[in-house]
Number of protein chains: 2
Amino acid sequence: MREALRLIVIGGGTAGMAAAARARRLSPQSAITVVERNPQASLGVCGLPYLVAGRVPSVGSLIVVSEKELREERRLDLRLCHEAVGIELQNRLVLLRDNRRGRQLELAYDRLVLAPGGRPVRPAVPGVGADNVFSFHDLNDALRLLSWLEGRACRTALVIGGGYLGVEMAECLLHRGLRVALWEKRAALLGLEASLNESLVDHLSRQGVSIRLGSALAGLEGGRTGPVQRAVSQDGEHFEADLFLLATGVEPVSPLLEGCPLRRGSSGALAVDRRAETSRAGVFAAGDCIEVEHRVSGRRTYLPLALPAARMGRVAGENSVGGSARFEGALGTVAVKVFELELARTGLDRHAAEAAGLQAQTLCVKTRTRAGYYPGSGRLTLAVTFERESRRLLGAQAVGHEGAAARVNLVAAAIEGGLTVDGLERLDLAYTPPLAPLWDATVLTGRLSAGSDSGWRN
Amino acid sequence: MREALRLIVIGGGTAGMAAAARARRLSPQSAITVVERNPQASLGVCGLPYLVAGRVPSVGSLIVVSEKELREERRLDLRLCHEAVGIELQNRLVLLRDNRRGRQLELAYDRLVLAPGGRPVRPAVPGVGADNVFSFHDLNDALRLLSWLEGRACRTALVIGGGYLGVEMAECLLHRGLRVALWEKRAALLGLEASLNESLVDHLSRQGVSIRLGSALAGLEGGRTGPVQRAVSQDGEHFEADLFLLATGVEPVSPLLEGCPLRRGSSGALAVDRRAETSRAGVFAAGDCIEVEHRVSGRRTYLPLALPAARMGRVAGENSVGGSARFEGALGTVAVKVFELELARTGLDRHAAEAAGLQAQTLCVKTRTRAGYYPGSGRLTLAVTFERESRRLLGAQAVGHEGAAARVNLVAAAIEGGLTVDGLERLDLAYTPPLAPLWDATVLTGRLSAGSDSGWRN
């Protein structure tokens, strides 16, 4: 990789910075420009909810690599508060708008990495444009929310959407002293299995979050020009609040890419190959604007998550300067900690498996997080989904006071290693009373699947 | 499995109770006798250190299955405070001594499961027989230590041996208010890699445990008939203490088995096949009296640990009533929590790998347990050993304020799934700031091994 290239990376988030770092590492002589619309690049955006909660003291704490280091050590031409507003693929030009100075400029590239991120979904209902209705996706969103909160006596918040951002924000707003309610249109938070969802709803309720499931937002009502005062659900329920937070997902849409003649997948996100290359040679893409291959279903899937974004970013960065890295797909592994409860999931649940044409079965095991007699031992529920005929592992979900992510990670590793559900029985895991029970939930699942569980502790 | 058999299980510990439970489950009509020398069967012996620390309130808390349930629901003929003192293999008879009534009796069997456990190693040095020198292996040992501690003003303890029991006991004695020192004859506690050992020694020292490594016990000195007053090491160091605790390992020796003409392995433990059957048909064995197959080296190894004991016990129980279960070997996965530090290991370290004739390499990664900015984030060190040529994973060790066992378990699952060290890079693990950093230590190890680590955070 000796060629000196002009590389432009659009987006200084997780995927973009991973691409820029990798490209710089492999190609010291290339000129690398990173374009970021926010006033800060290389920010741990997943930490923004904790900034709102006050658990993270400042935006500065969330900076992964400082601006100085990015500019001086990594020699990146960093364009903060710059927005890419157009791309001429034919002429290899990117059109930028400098939002601070209000001027436009053009930059030429040899290779391009697109990592502008996705966009928070805003339900198409009346009232979502009001001042006290917030999306929460990037630093600008977080700063806007914080400044709004600090300016007034806000007592009640309604979080709309019970995915991982929704439950995190419910906790963080409650932690600031607000009364919090959460509406989710599906029957379960985070699409969890019924019994796991029950544990989570129960835990959130005990902490004071008022949960309504199956409650889809119909509209936000209030004074004609002033703030919204209440949410109305499709089944006619009302809820009055001072603040409305939309946590209704992310979509792979950006005004920039709308106008780009690059191939898209069925989700609307950019289609890339395993080398992270788009339908246009020399143009790569990563992060929340692309589809990735799901390692279990084999299908192209929209998974706007940090780890696949960072991985695909590295692949895009490497290949943009002449490398041959490949992205091997993602499982969609996710974890959340809310209050004193952990939850995690990976791969496909039964519904997703059936939608992918697989005959799936789910086994559910309830056990302890530590030896039952050891102080702090709590309950843990693990649900493992597998293909009926082949016994191939498809996915898992877990909820517990601790160790839920660890068990789901074990299933993710088992999927990577090609184990069947019965193979989980053979895992030789660490046992010590303060950290684990003798029989781990994963092992018990394997035993249950093999029909060799006695149902007795021994 | 319709035959009504007379099954005797010698030992009501982890392996024996697993065997009895499994046999009862599969053979409701068989007569099952369990012989246990202690006054309690089905006890979580790994919890005994915490009984000494006062963290577990009573022996009763450690009971896994109550005596009533064992007798009534599982219909076990439970002989507590009974010791098996002889076996006539030819005549299928077990000779028992009832230690409460002081009488002997004979029981006939059709099938036998041997699970009498191992014996704590007592160094062959002067003074080990004194009243203030303790082994710590079973309930009787724990009760003896507790009653001794309660009777006097004991201020200082020396723990001899820095394996997992030694470090657990150091913590538990300190927790009771004693000043504690620990001597280990090897260069590292738990045979850890140098940098991991350093973290552990540092942590124990900060908590007030005074550690000496490379310090082998030469003798215990004191009044001729009274308690021992000081320990002397082979290099002439002295240490004065009120209490001396031997944590110098377990050996597969029992007076009962000494006289039994059953085949043994090179460690001196009983040799069994994968069906847990000894060299004598119809006689099975499990737990700390046998060798198991090491899943990585393929060699028969003495691994006196609870999980393989329980697993082999289940296999022995199933096969003793006509089943065909198989034990697939063990990795020797172990974890300990001492004070605020977790440590864990699995498989072979470099020395063990080289002793098994493998060309091994170890990679060491230092990372965080959570996102760096999230409160409570601590340091984690993971060392992964793999075979140089094939890249096959051989083992791992980890030390950290949390998550060490979870990472070692992931490597154990990866070994089970046949992943190479490079394959660790592909693990799709759960990321969320309160629980994990974006790049897990296992993934970073895979990246480092593949030579694709940038050395940069991104």
# chains A, B, ... in the order shown; residues from 1 in each chain; ligands from 1

$ interface_residues --of "chain B" --to "chain A" --cutoff "7 Å" --atoms "only C-alpha atoms" --output "JSON list (two decimals) with N, CA and C atoms, in the first residue's frame"
[["chain", "number", "residue", "atom", "x", "y", "z"],
["B", 17, "MET", "N", -23.12, -37.31, 44.74],
["B", 17, "MET", "CA", -24.53, -36.92, 44.70],
["B", 17, "MET", "C", -25.02, -36.77, 43.26],
["B", 18, "ALA", "N", -24.13, -36.31, 42.38],
["B", 18, "ALA", "CA", -24.52, -36.23, 40.96],
["B", 18, "ALA", "C", -24.80, -37.62, 40.42],
["B", 21, "ALA", "N", -28.14, -38.94, 41.97],
["B", 21, "ALA", "CA", -29.31, -38.25, 41.41],
["B", 21, "ALA", "C", -29.62, -38.76, 40.01],
["B", 22, "ARG", "N", -28.56, -38.92, 39.22],
["B", 22, "ARG", "CA", -28.76, -39.35, 37.84],
["B", 22, "ARG", "C", -29.26, -40.80, 37.79],
["B", 25, "ARG", "N", -32.88, -40.93, 38.80],
["B", 25, "ARG", "CA", -33.71, -40.40, 37.74],
["B", 25, "ARG", "C", -33.97, -41.45, 36.65],
["B", 46, "CYS", "N", -17.39, -25.85, 48.13],
["B", 46, "CYS", "CA", -16.66, -24.67, 47.66],
["B", 46, "CYS", "C", -17.09, -23.42, 48.42],
["B", 47, "GLY", "N", -18.18, -23.51, 49.17],
["B", 47, "GLY", "CA", -18.63, -22.38, 49.97],
["B", 47, "GLY", "C", -18.03, -22.37, 51.37],
["B", 56, "VAL", "N", -21.25, -16.56, 54.72],
["B", 56, "VAL", "CA", -22.34, -17.52, 54.65],
["B", 56, "VAL", "C", -22.68, -17.82, 56.11],
["B", 61, "SER", "N", -26.87, -23.27, 55.14],
["B", 61, "SER", "CA", -27.00, -22.50, 53.89],
["B", 61, "SER", "C", -26.29, -23.18, 52.74],
["B", 62, "LEU", "N", -25.30, -24.02, 53.07],
["B", 62, "LEU", "CA", -24.50, -24.65, 52.01],
["B", 62, "LEU", "C", -25.12, -25.96, 51.51],
["B", 307, "LEU", "N", -16.74, -28.87, 38.75],
["B", 307, "LEU", "CA", -17.57, -29.10, 37.56],
["B", 307, "LEU", "C", -17.25, -30.44, 36.87],
["B", 330, "ALA", "N", -12.16, -32.38, 30.12],
["B", 330, "ALA", "CA", -12.25, -31.11, 30.83],
["B", 330, "ALA", "C", -11.12, -30.20, 30.41],
["B", 331, "LEU", "N", -11.34, -28.93, 30.61],
["B", 331, "LEU", "CA", -10.32, -27.92, 30.31],
["B", 331, "LEU", "C", -9.62, -27.42, 31.57],
["B", 333, "THR", "N", -11.03, -25.39, 33.76],
["B", 333, "THR", "CA", -11.41, -23.98, 33.95],
["B", 333, "THR", "C", -11.63, -23.70, 35.44],
["B", 334, "VAL", "N", -11.02, -22.63, 35.92],
["B", 334, "VAL", "CA", -11.09, -22.26, 37.34],
["B", 334, "VAL", "C", -11.26, -20.75, 37.44],
["B", 335, "ALA", "N", -12.00, -20.31, 38.43],
["B", 335, "ALA", "CA", -12.05, -18.87, 38.72],
["B", 335, "ALA", "C", -12.00, -18.66, 40.22],
["B", 336, "VAL", "N", -11.50, -17.53, 40.62],
["B", 336, "VAL", "CA", -11.50, -17.14, 42.03],
["B", 336, "VAL", "C", -11.85, -15.68, 42.09],
["B", 337, "LYS", "N", -12.59, -15.31, 43.13],
["B", 337, "LYS", "CA", -12.73, -13.88, 43.41],
["B", 337, "LYS", "C", -12.08, -13.62, 44.76],
["B", 373, "TYR", "N", -15.07, 5.72, 30.24],
["B", 373, "TYR", "CA", -15.68, 6.87, 30.93],
["B", 373, "TYR", "C", -16.77, 6.46, 31.90],
["B", 374, "TYR", "N", -17.18, 5.19, 31.86],
["B", 374, "TYR", "CA", -18.31, 4.79, 32.69],
["B", 374, "TYR", "C", -17.85, 4.50, 34.12],
["B", 405, "ALA", "N", -13.61, -13.90, 34.62],
["B", 405, "ALA", "CA", -14.17, -15.24, 34.38],
["B", 405, "ALA", "C", -14.95, -15.25, 33.07],
["B", 406, "ALA", "N", -15.68, -14.17, 32.80],
["B", 406, "ALA", "CA", -16.47, -14.12, 31.57],
["B", 406, "ALA", "C", -15.58, -14.24, 30.33],
["B", 409, "ASN", "N", -14.20, -17.78, 30.13],
["B", 409, "ASN", "CA", -15.27, -18.65, 29.65],
["B", 409, "ASN", "C", -15.46, -18.54, 28.14],
["B", 410, "LEU", "N", -15.32, -17.33, 27.62],
["B", 410, "LEU", "CA", -15.44, -17.15, 26.16],
["B", 410, "LEU", "C", -14.36, -17.94, 25.43],
["B", 412, "ALA", "N", -12.90, -20.57, 26.62],
["B", 412, "ALA", "CA", -13.26, -21.99, 26.80],
["B", 412, "ALA", "C", -14.30, -22.41, 25.75],
["B", 413, "ALA", "N", -15.28, -21.54, 25.50],
["B", 413, "ALA", "CA", -16.29, -21.84, 24.47],
["B", 413, "ALA", "C", -15.66, -21.86, 23.09],
["B", 414, "ALA", "N", -14.72, -20.95, 22.87],
["B", 414, "ALA", "CA", -14.04, -20.90, 21.56],
["B", 414, "ALA", "C", -13.21, -22.17, 21.35],
["B", 416, "GLU", "N", -13.91, -25.08, 22.65],
["B", 416, "GLU", "CA", -14.92, -26.11, 22.39],
["B", 416, "GLU", "C", -15.40, -26.06, 20.95],
["B", 417, "GLY", "N", -15.50, -24.85, 20.41],
["B", 417, "GLY", "CA", -15.96, -24.69, 19.03],
["B", 417, "GLY", "C", -14.84, -24.82, 18.00],
["B", 418, "GLY", "N", -13.61, -25.09, 18.49],
["B", 418, "GLY", "CA", -12.51, -25.30, 17.55],
["B", 418, "GLY", "C", -12.01, -24.04, 16.87],
["B", 419, "LEU", "N", -12.22, -22.88, 17.47],
["B", 419, "LEU", "CA", -11.72, -21.64, 16.87],
["B", 419, "LEU", "C", -10.21, -21.55, 16.98],
["B", 427, "LEU", "N", -15.55, -12.68, 17.01],
["B", 427, "LEU", "CA", -16.63, -12.80, 18.00],
["B", 427, "LEU", "C", -17.48, -11.54, 18.02],
["B", 428, "ASP", "N", -18.78, -11.73, 17.92],
["B", 428, "ASP", "CA", -19.69, -10.58, 17.94],
["B", 428, "ASP", "C", -20.29, -10.49, 19.34],
["B", 429, "LEU", "N", -19.68, -9.65, 20.18],
["B", 429, "LEU", "CA", -20.04, -9.61, 21.59],
["B", 429, "LEU", "C", -20.83, -8.35, 21.93],
["B", 430, "ALA", "N", -21.51, -8.44, 23.05],
["B", 430, "ALA", "CA", -22.40, -7.35, 23.46],
["B", 430, "ALA", "C", -21.60, -6.16, 23.94],
["B", 431, "TYR", "N", -21.89, -5.00, 23.36],
["B", 431, "TYR", "CA", -21.27, -3.77, 23.82],
["B", 431, "TYR", "C", -22.31, -2.86, 24.42],
["B", 432, "THR", "N", -22.05, -2.41, 25.62],
["B", 432, "THR", "CA", -22.82, -1.32, 26.22],
["B", 432, "THR", "C", -21.94, -0.71, 27.30],
["B", 433, "PRO", "N", -21.86, 0.62, 27.38],
["B", 433, "PRO", "CA", -20.87, 1.25, 28.26],
["B", 433, "PRO", "C", -20.83, 0.72, 29.70],
["B", 434, "PRO", "N", -21.99, 0.41, 30.33],
["B", 434, "PRO", "CA", -21.89, -0.03, 31.73],
["B", 434, "PRO", "C", -21.35, -1.45, 31.89],
["B", 438, "LEU", "N", -16.10, -1.23, 23.81],
["B", 438, "LEU", "CA", -16.48, -1.59, 22.44],
["B", 438, "LEU", "C", -15.70, -2.82, 21.97],
["B", 454, "SER", "N", -3.99, -1.94, 15.24],
["B", 454, "SER", "CA", -3.39, -0.65, 14.95],
["B", 454, "SER", "C", -2.67, -0.09, 16.15],
["B", 458, "ASN", "N", -10.01, 3.07, 18.46],
["B", 458, "ASN", "CA", -10.86, 3.68, 17.44],
["B", 458, "ASN", "C", -12.25, 3.10, 17.48]]

$ select_by_dssp --residues "stretch 315-409 of chain B" --states "helix (DSSP H, G or I)" --output "PyMOL selection string"
chain B and resi 315-320+350-355+404-409

$ atom_distance --atom1 "atom CA of B:Val125" --atom2 "atom CA of B:Leu246"
11.9 Å

$ residues_around --residues "A:Val272" --least-positions-apart "3" --cutoff "8 Å" --atoms "only C-alpha atoms" --output "PyMOL selection string"
chain A and resi 275-279+284-285+290-292

$ write_last_selection --atoms "all heavy atoms" --output "short mmCIF file (atom, residue, chain, number, x, y, z; two decimals), in the first residue's frame"
data_model
loop_
_atom_site.label_atom_id
_atom_site.label_comp_id
_atom_site.auth_asym_id
_atom_site.auth_seq_id
_atom_site.Cartn_x
_atom_site.Cartn_y
_atom_site.Cartn_z
N ARG A 275 -16.18 -6.59 1.26
CA ARG A 275 -15.04 -5.69 1.32
C ARG A 275 -15.48 -4.27 1.67
O ARG A 275 -14.68 -3.36 1.64
CB ARG A 275 -14.29 -5.70 0.00
CG ARG A 275 -13.74 -7.09 -0.40
CD ARG A 275 -13.00 -7.04 -1.72
NE ARG A 275 -11.87 -6.12 -1.63
CZ ARG A 275 -11.82 -4.91 -2.17
NH1 ARG A 275 -12.85 -4.46 -2.88
NH2 ARG A 275 -10.75 -4.16 -2.03
N ALA A 276 -16.75 -4.09 1.96
CA ALA A 276 -17.32 -2.78 2.32
C ALA A 276 -17.38 -1.83 1.14
O ALA A 276 -17.53 -0.63 1.32
CB ALA A 276 -16.56 -2.13 3.49
N GLU A 277 -17.30 -2.38 -0.07
CA GLU A 277 -17.33 -1.54 -1.26
C GLU A 277 -18.76 -1.43 -1.77
O GLU A 277 -19.49 -2.42 -1.80
CB GLU A 277 -16.41 -2.12 -2.35
CG GLU A 277 -16.01 -1.09 -3.39
CD GLU A 277 -14.76 -1.53 -4.18
OE1 GLU A 277 -14.48 -2.74 -4.22
OE2 GLU A 277 -14.06 -0.65 -4.74
N THR A 278 -19.14 -0.24 -2.16
CA THR A 278 -20.49 -0.03 -2.69
C THR A 278 -20.52 -0.48 -4.15
O THR A 278 -19.52 -1.00 -4.68
CB THR A 278 -20.89 1.46 -2.63
OG1 THR A 278 -20.00 2.18 -3.50
CG2 THR A 278 -20.75 2.02 -1.22
N SER A 279 -21.62 -0.21 -4.80
CA SER A 279 -21.74 -0.59 -6.22
C SER A 279 -20.79 0.23 -7.11
O SER A 279 -20.62 -0.08 -8.28
CB SER A 279 -23.19 -0.42 -6.69
OG SER A 279 -23.65 0.89 -6.40
N PHE A 284 -16.45 3.22 -0.63
CA PHE A 284 -16.74 2.26 0.44
C PHE A 284 -17.76 2.86 1.39
O PHE A 284 -17.95 4.08 1.40
CB PHE A 284 -15.44 1.91 1.17
CG PHE A 284 -14.40 1.31 0.25
CD1 PHE A 284 -13.58 2.13 -0.53
CD2 PHE A 284 -14.28 -0.06 0.14
CE1 PHE A 284 -12.65 1.58 -1.40
CE2 PHE A 284 -13.35 -0.62 -0.73
CZ PHE A 284 -12.53 0.20 -1.51
N ALA A 285 -18.39 2.01 2.20
CA ALA A 285 -19.35 2.55 3.16
C ALA A 285 -19.39 1.66 4.40
O ALA A 285 -19.12 0.46 4.32
CB ALA A 285 -20.73 2.66 2.53
N ILE A 290 -25.42 1.34 6.04
CA ILE A 290 -25.32 0.13 5.19
C ILE A 290 -26.07 -1.06 5.79
O ILE A 290 -26.43 -1.07 6.96
CB ILE A 290 -23.85 -0.30 4.98
CG1 ILE A 290 -23.22 -0.73 6.32
CG2 ILE A 290 -23.04 0.78 4.30
CD1 ILE A 290 -21.97 -1.55 6.17
N GLU A 291 -26.27 -2.04 4.96
CA GLU A 291 -26.73 -3.35 5.42
C GLU A 291 -25.52 -4.24 5.62
O GLU A 291 -24.54 -4.15 4.90
CB GLU A 291 -27.59 -4.02 4.33
CG GLU A 291 -28.94 -3.40 4.16
CD GLU A 291 -29.76 -4.13 3.10
OE1 GLU A 291 -29.21 -4.99 2.38
OE2 GLU A 291 -30.96 -3.83 3.00
N VAL A 292 -25.59 -5.13 6.63
CA VAL A 292 -24.51 -6.10 6.80
C VAL A 292 -25.08 -7.51 6.67
O VAL A 292 -26.29 -7.72 6.76
CB VAL A 292 -23.80 -5.95 8.17
CG1 VAL A 292 -23.12 -4.61 8.28
CG2 VAL A 292 -24.77 -6.17 9.33
#

$ closest_residue --among "B:Asp273, B:Glu72, B:Asp235, B:Glu83" --to "B:Gln104" --atoms "only C-alpha atoms"
B:Glu83

$ closest_residue --among "B:Thr301, B:Ser135, B:Thr362, B:Ser267" --to "B:Gly249" --atoms "only C-alpha atoms"
B:Ser135

$ residues_around --residues "A:Ser199" --least-positions-apart "4" --cutoff "12 Å" --atoms "only C-alpha atoms" --output "short mmCIF file (atom, residue, chain, number, x, y, z; two decimals) with C-alpha atoms, in the first residue's frame"
data_model
loop_
_atom_site.label_atom_id
_atom_site.label_comp_id
_atom_site.auth_asym_id
_atom_site.auth_seq_id
_atom_site.Cartn_x
_atom_site.Cartn_y
_atom_site.Cartn_z
CA ALA A 188 -42.43 -6.71 24.53
CA LEU A 189 -39.54 -4.39 25.28
CA LEU A 192 -37.76 -10.03 24.25
CA GLU A 193 -39.32 -13.44 24.85
CA ALA A 194 -42.41 -13.19 27.06
CA SER A 195 -40.85 -14.33 30.33
CA HIS A 203 -37.87 -4.31 37.24
CA LEU A 204 -38.53 -1.02 35.46
CA SER A 205 -41.91 -0.72 37.18
CA ARG A 206 -40.40 -1.25 40.61
CA VAL A 338 -30.98 -0.60 33.24
CA GLU A 340 -29.88 -3.20 38.51
CA LEU A 341 -30.80 -5.41 35.58
CA GLU A 342 -28.77 -6.59 32.61
CA LEU A 343 -30.29 -7.79 29.41
CA LYS A 366 -33.98 -20.03 34.96
CA ARG A 379 -31.93 -14.67 39.23
CA LEU A 380 -30.93 -15.18 35.62
CA THR A 381 -33.12 -16.27 32.73
CA LEU A 382 -31.62 -17.48 29.49
CA ALA A 398 -30.86 -13.25 28.74
CA VAL A 399 -32.05 -11.14 31.64
CA GLY A 400 -30.48 -11.07 35.10
CA HIS A 401 -29.05 -8.92 37.85
#

$ select_by_dssp --residues "stretch 55-297 of chain A" --states "strand (DSSP E or B)" --output "VMD selection string"
chain A and resid 63 76 to 79 82 to 88 93 to 98 103 to 108 111 to 114 119 to 120 133 to 135 156 to 160 179 to 184 210 to 213 217 to 222 228 to 233 238 to 240 243 to 246 250 to 251 264 270 277 283 to 285 290 292 to 294

$ atom_distance --atom1 "atom CA of B:Gly376" --atom2 "atom CA of B:Leu363"
26.0 Å

$ atom_distance --atom1 "atom CA of B:Glu150" --atom2 "atom CA of B:Cys81"
24.2 Å

$ residues_around --residues "B:Gly236" --least-positions-apart "4" --cutoff "10 Å" --atoms "only C-alpha atoms" --output "PDB file with N, CA and C atoms, in the first residue's frame"
ATOM      1  N   SER B 215       8.750 -19.352  48.115  1.00  0.00           N
ATOM      2  CA  SER B 215       9.054 -19.637  49.513  1.00  0.00           C
ATOM      3  C   SER B 215       8.459 -20.990  49.915  1.00  0.00           C
ATOM      4  N   ALA B 216       9.312 -22.018  49.891  1.00  0.00           N
ATOM      5  CA  ALA B 216       8.829 -23.368  50.207  1.00  0.00           C
ATOM      6  C   ALA B 216       8.977 -23.639  51.701  1.00  0.00           C
ATOM      7  N   LEU B 217       7.981 -24.266  52.251  1.00  0.00           N
ATOM      8  CA  LEU B 217       7.983 -24.569  53.683  1.00  0.00           C
ATOM      9  C   LEU B 217       9.024 -25.637  54.007  1.00  0.00           C
ATOM     10  N   ALA B 218       9.893 -25.328  55.014  1.00  0.00           N
ATOM     11  CA  ALA B 218      10.874 -26.336  55.459  1.00  0.00           C
ATOM     12  C   ALA B 218      10.417 -26.985  56.755  1.00  0.00           C
ATOM     13  N   ALA B 231       6.831 -20.612  61.200  1.00  0.00           N
ATOM     14  CA  ALA B 231       7.161 -21.387  60.007  1.00  0.00           C
ATOM     15  C   ALA B 231       8.551 -20.969  59.540  1.00  0.00           C
ATOM     16  N   VAL B 232       9.294 -21.941  59.023  1.00  0.00           N
ATOM     17  CA  VAL B 232      10.627 -21.667  58.480  1.00  0.00           C
ATOM     18  C   VAL B 232      10.617 -22.110  57.024  1.00  0.00           C
TER      19      VAL B 232
END

$ closest_residue --among "B:Val250, B:Leu107, B:Cys260, B:Leu190" --to "B:Gly163" --atoms "only C-alpha atoms"
B:Leu190

$ residues_around --residues "B:Leu149" --least-positions-apart "4" --cutoff "12 Å" --atoms "only C-alpha atoms" --output "PyMOL selection string"
chain B and resi 52-53+131-134+142-145+153-157+173+176-178+242-244

$ closest_residue --among "B:Leu114, B:Leu182, B:Ala286, B:Val94" --to "B:Val315" --atoms "only C-alpha atoms"
B:Ala286

$ residues_around --residues "A:Tyr109" --least-positions-apart "4" --cutoff "10 Å" --atoms "only C-alpha atoms" --output "ChimeraX atom specification"
/A:5-9,31-33,89,91-94,282-283

$ closest_residue --among "B:Leu80, B:Gly11, B:Val384, B:Asp141" --to "B:Cys364" --atoms "only C-alpha atoms"
B:Val384

$ closest_residue --among "A:Arg300, A:Arg2, A:Arg280, A:His82" --to "A:Pro28" --atoms "only C-alpha atoms"
A:Arg2

$ decode --residues "stretch 37-42 of chain A" --atoms "all heavy atoms" --output "compact mmCIF listing (two decimals), in the first residue's frame"
# COMPACT_ATOMS: atom_id res chain seq x y z
N ARG A 37 -20.17 16.55 10.90
CA ARG A 37 -21.15 17.63 11.02
C ARG A 37 -21.24 18.16 12.46
O ARG A 37 -21.53 19.32 12.68
CB ARG A 37 -22.45 17.05 10.48
CG ARG A 37 -23.67 17.20 11.16
CD ARG A 37 -24.83 16.54 10.40
NE ARG A 37 -25.34 15.49 11.28
CZ ARG A 37 -25.37 14.22 10.98
NH1 ARG A 37 -24.99 13.78 9.81
NH2 ARG A 37 -25.80 13.35 11.85
N ASN A 38 -20.95 17.30 13.45
CA ASN A 38 -20.97 17.73 14.85
C ASN A 38 -19.67 18.46 15.19
O ASN A 38 -18.68 18.35 14.48
CB ASN A 38 -21.13 16.51 15.77
CG ASN A 38 -22.56 16.00 15.81
OD1 ASN A 38 -23.38 16.50 16.56
ND2 ASN A 38 -22.85 15.01 14.96
N PRO A 39 -19.68 19.19 16.31
CA PRO A 39 -18.45 19.91 16.70
C PRO A 39 -17.38 18.99 17.29
O PRO A 39 -16.36 19.48 17.77
CB PRO A 39 -18.96 20.90 17.75
CG PRO A 39 -20.22 20.32 18.28
CD PRO A 39 -20.82 19.53 17.17
N GLN A 40 -17.60 17.71 17.27
CA GLN A 40 -16.67 16.78 17.89
C GLN A 40 -16.66 15.48 17.10
O GLN A 40 -17.71 14.94 16.77
CB GLN A 40 -17.13 16.51 19.34
CG GLN A 40 -16.22 15.62 20.14
CD GLN A 40 -14.91 16.32 20.43
OE1 GLN A 40 -14.88 17.41 20.96
NE2 GLN A 40 -13.80 15.70 20.04
N ALA A 41 -15.48 14.95 16.80
CA ALA A 41 -15.37 13.63 16.18
C ALA A 41 -14.88 12.65 17.24
O ALA A 41 -14.48 13.05 18.33
CB ALA A 41 -14.41 13.67 15.00
N SER A 42 -14.88 11.37 16.89
CA SER A 42 -14.35 10.33 17.78
C SER A 42 -14.97 10.40 19.16
O SER A 42 -14.28 10.45 20.17
CB SER A 42 -12.83 10.45 17.87
OG SER A 42 -12.29 9.30 18.51
